[in-house]
Amino acid sequence: MRLIISCLTLLLISTFAQADTVRETVPANKASVVGSQATILPGCLSGAAPDMKVTMAPKHGTVSFKRTSGTLNEEAGRCAGKTVKGTLVIYKPNRGYRGEDVFKIGFTMDMYVSGSAKIRNVVDKYVIKVK
């Protein structure tokens, strides 16, 4: 549960970040949460969880998504204590693989700026080091 809450804290931060390269180190032979995304509306309300898809598949593993919800911690500032819905990005390396793997995740989300809704298309690149 702490992992999900930590990931949800990341959700708030990553909602406002530009499309980026995410770098993570994960253990071999084990599925790991490597990213997350959510929409936080004005007033700290939870928006719809983004629909995510793999736009470039990893060569040495698989990617899956899990919808979840949890409570934001104090790092979320004025939104701390609020429940949000989000999507976790889970990477699982092929059995026995060690090294670097790369994949891309795309999603569309509503972005609220000055009271008007805008659609934002994002593609994040993930560089995963499997140890």
# chains A, B, ... in the order shown; residues from 1 in each chain; ligands from 1

call {"tool": "closest_atom_pairs", "arguments": {"of": "region 86-109 of chain A", "to": "region 56-64 of chain A", "cutoff": "6 Å", "atoms": "only C-alpha atoms", "output": "JSON lines"}}
result
{"residue": "A:Ile90", "atom": "CA", "partner": "A:Ser64", "partner_atom": "CA", "distance": 5.2}
{"residue": "A:Tyr91", "atom": "CA", "partner": "A:Val63", "partner_atom": "CA", "distance": 4.6}
{"residue": "A:Lys92", "atom": "CA", "partner": "A:Thr62", "partner_atom": "CA", "distance": 5.3}
{"residue": "A:Pro93", "atom": "CA", "partner": "A:Gly61", "partner_atom": "CA", "distance": 3.9}
{"residue": "A:Asn94", "atom": "CA", "partner": "A:Gly61", "partner_atom": "CA", "distance": 4.7}
{"residue": "A:Val102", "atom": "CA", "partner": "A:Pro58", "partner_atom": "CA", "distance": 5.4}
{"residue": "A:Phe103", "atom": "CA", "partner": "A:Pro58", "partner_atom": "CA", "distance": 4.7}
{"residue": "A:Lys104", "atom": "CA", "partner": "A:Met56", "partner_atom": "CA", "distance": 4.9}

call {"tool": "write_last_selection", "arguments": {"atoms": "C-alpha atoms", "output": "compact mmCIF listing (two decimals), in the first residue's frame"}}
result
# COMPACT_ATOMS: atom_id res chain seq x y z
CA ILE A 90 4.44 -1.90 -14.65
CA TYR A 91 7.51 -3.35 -16.39
CA LYS A 92 8.50 -7.02 -16.19
CA PRO A 93 11.82 -8.09 -17.76
CA ASN A 94 12.13 -11.40 -19.57
CA VAL A 102 13.63 0.99 -23.65
CA PHE A 103 9.93 1.54 -24.37
CA LYS A 104 7.47 4.39 -24.89

call {"tool": "residues_around", "arguments": {"residues": "Glu100 (chain A)", "least_positions_apart": "6", "cutoff": "8 Å", "atoms": "only C-alpha atoms", "output": "ChimeraX atom specification"}}
result
/A:127-130

call {"tool": "atom_distance", "arguments": {"atom1": "CA of Phe107 (chain A)", "atom2": "CA of Asn121 (chain A)"}}
result
6.0 Å

call {"tool": "residues_around", "arguments": {"residues": "region 78-86 of chain A", "least_positions_apart": "2", "cutoff": "6 Å", "atoms": "only C-alpha atoms", "output": "number ranges by chain"}}
result
A: 37-38, 44, 46, 49, 67-74, 76

call {"tool": "write_last_selection", "arguments": {"atoms": "N, CA and C atoms", "output": "PDB file, in the first residue's frame"}}
result
ATOM      1  N   GLN A  37       0.541   7.897 -13.631  1.00  0.00           N
ATOM      2  CA  GLN A  37      -0.065   9.103 -14.183  1.00  0.00           C
ATOM      3  C   GLN A  37      -1.483   9.253 -13.656  1.00  0.00           C
ATOM      4  N   ALA A  38      -1.890  10.492 -13.416  1.00  0.00           N
ATOM      5  CA  ALA A  38      -3.254  10.793 -12.965  1.00  0.00           C
ATOM      6  C   ALA A  38      -3.597  12.209 -13.398  1.00  0.00           C
ATOM      7  N   CYS A  44      -8.426  20.119  -6.232  1.00  0.00           N
ATOM      8  CA  CYS A  44      -7.856  18.825  -5.823  1.00  0.00           C
ATOM      9  C   CYS A  44      -8.799  17.655  -6.081  1.00  0.00           C
ATOM     10  N   SER A  46     -10.167  14.479  -8.270  1.00  0.00           N
ATOM     11  CA  SER A  46      -9.570  13.484  -9.148  1.00  0.00           C
ATOM     12  C   SER A  46     -10.296  13.451 -10.477  1.00  0.00           C
ATOM     13  N   ALA A  49      -8.805   8.619 -14.882  1.00  0.00           N
ATOM     14  CA  ALA A  49      -7.461   8.055 -15.051  1.00  0.00           C
ATOM     15  C   ALA A  49      -7.145   8.020 -16.543  1.00  0.00           C
ATOM     16  N   ARG A  67      -5.000   0.188 -13.093  1.00  0.00           N
ATOM     17  CA  ARG A  67      -5.762   1.315 -12.543  1.00  0.00           C
ATOM     18  C   ARG A  67      -5.780   1.168 -11.029  1.00  0.00           C
ATOM     19  N   THR A  68      -5.634   2.269 -10.346  1.00  0.00           N
ATOM     20  CA  THR A  68      -5.594   2.234  -8.893  1.00  0.00           C
ATOM     21  C   THR A  68      -6.099   3.565  -8.340  1.00  0.00           C
ATOM     22  N   SER A  69      -6.320   3.602  -7.067  1.00  0.00           N
ATOM     23  CA  SER A  69      -6.633   4.862  -6.391  1.00  0.00           C
ATOM     24  C   SER A  69      -5.995   4.817  -5.011  1.00  0.00           C
ATOM     25  N   GLY A  70      -5.717   5.974  -4.496  1.00  0.00           N
ATOM     26  CA  GLY A  70      -5.087   6.055  -3.181  1.00  0.00           C
ATOM     27  C   GLY A  70      -5.119   7.482  -2.677  1.00  0.00           C
ATOM     28  N   THR A  71      -4.615   7.657  -1.489  1.00  0.00           N
ATOM     29  CA  THR A  71      -4.615   8.951  -0.831  1.00  0.00           C
ATOM     30  C   THR A  71      -3.259   9.613  -0.997  1.00  0.00           C
ATOM     31  N   LEU A  72      -3.255  10.869  -1.406  1.00  0.00           N
ATOM     32  CA  LEU A  72      -2.016  11.618  -1.560  1.00  0.00           C
ATOM     33  C   LEU A  72      -1.442  11.981  -0.196  1.00  0.00           C
ATOM     34  N   ASN A  73      -0.118  11.927  -0.081  1.00  0.00           N
ATOM     35  CA  ASN A  73       0.510  12.276   1.199  1.00  0.00           C
ATOM     36  C   ASN A  73       0.865  13.761   1.240  1.00  0.00           C
ATOM     37  N   GLU A  74       1.583  14.190   2.277  1.00  0.00           N
ATOM     38  CA  GLU A  74       1.874  15.605   2.505  1.00  0.00           C
ATOM     39  C   GLU A  74       2.718  16.235   1.390  1.00  0.00           C
ATOM     40  N   ALA A  76       2.023  16.270  -1.545  1.00  0.00           N
ATOM     41  CA  ALA A  76       1.076  16.798  -2.531  1.00  0.00           C
ATOM     42  C   ALA A  76       0.597  18.198  -2.170  1.00  0.00           C
TER      43      ALA A  76
END

call {"tool": "atom_distance", "arguments": {"atom1": "CA of Asp51 (chain A)", "atom2": "CA of Arg98 (chain A)"}}
result
29.5 Å

call {"tool": "select_by_dssp", "arguments": {"residues": "region 42-131 of chain A", "states": "strand (DSSP E)", "output": "MDAnalysis selection string"}}
result
chainID A and resid 45:46 51:56 61:71 83:93 99:113 116:130

call {"tool": "atom_distance", "arguments": {"atom1": "CA of Glu24 (chain A)", "atom2": "CA of Tyr126 (chain A)"}}
result
7.7 Å

call {"tool": "select_by_dssp", "arguments": {"residues": "region 20-123 of chain A", "states": "helix (DSSP H, G or I)", "output": "PyMOL selection string"}}
result
chain A and resi 42-44+74-79

call {"tool": "closest_residue", "arguments": {"among": "A:Val89, A:Gly47, A:Met52, A:Lys66", "to": "Ser32 (chain A)", "atoms": "only C-alpha atoms"}}
result
A:Val89

call {"tool": "residues_around", "arguments": {"residues": "Gly106 (chain A)", "least_positions_apart": "6", "cutoff": "8 Å", "atoms": "only C-alpha atoms", "output": "ChimeraX atom specification"}}
result
/A:52-55,121-124

call {"tool": "write_last_selection", "arguments": {"atoms": "N, CA and C atoms", "output": "PDB file, in the first residue's frame"}}
result
ATOM      1  N   MET A  52      -3.747   4.667 -21.167  1.00  0.00           N
ATOM      2  CA  MET A  52      -2.360   4.592 -21.587  1.00  0.00           C
ATOM      3  C   MET A  52      -2.170   3.428 -22.545  1.00  0.00           C
ATOM      4  N   LYS A  53      -1.211   3.594 -23.471  1.00  0.00           N
ATOM      5  CA  LYS A  53      -0.907   2.512 -24.399  1.00  0.00           C
ATOM      6  C   LYS A  53       0.586   2.502 -24.696  1.00  0.00           C
ATOM      7  N   VAL A  54       1.086   1.338 -25.024  1.00  0.00           N
ATOM      8  CA  VAL A  54       2.484   1.190 -25.403  1.00  0.00           C
ATOM      9  C   VAL A  54       2.614   1.634 -26.854  1.00  0.00           C
ATOM     10  N   THR A  55       3.446   2.643 -27.117  1.00  0.00           N
ATOM     11  CA  THR A  55       3.653   3.110 -28.485  1.00  0.00           C
ATOM     12  C   THR A  55       4.938   2.546 -29.094  1.00  0.00           C
ATOM     13  N   ASN A 121      -1.633  15.467 -25.581  1.00  0.00           N
ATOM     14  CA  ASN A 121      -1.119  14.152 -25.967  1.00  0.00           C
ATOM     15  C   ASN A 121       0.327  14.066 -25.495  1.00  0.00           C
ATOM     16  N   VAL A 122       0.650  13.003 -24.790  1.00  0.00           N
ATOM     17  CA  VAL A 122       1.975  12.845 -24.208  1.00  0.00           C
ATOM     18  C   VAL A 122       2.536  11.486 -24.599  1.00  0.00           C
ATOM     19  N   VAL A 123       3.827  11.437 -24.901  1.00  0.00           N
ATOM     20  CA  VAL A 123       4.534  10.180 -25.086  1.00  0.00           C
ATOM     21  C   VAL A 123       5.780  10.251 -24.212  1.00  0.00           C
ATOM     22  N   ASP A 124       5.855   9.385 -23.220  1.00  0.00           N
ATOM     23  CA  ASP A 124       7.008   9.318 -22.333  1.00  0.00           C
ATOM     24  C   ASP A 124       7.893   8.147 -22.733  1.00  0.00           C
TER      25      ASP A 124
END

call {"tool": "closest_residue", "arguments": {"among": "A:Ala48, A:Pro42, A:Gly77, A:Val34", "to": "Val22 (chain A)", "atoms": "only C-alpha atoms"}}
result
A:Val34
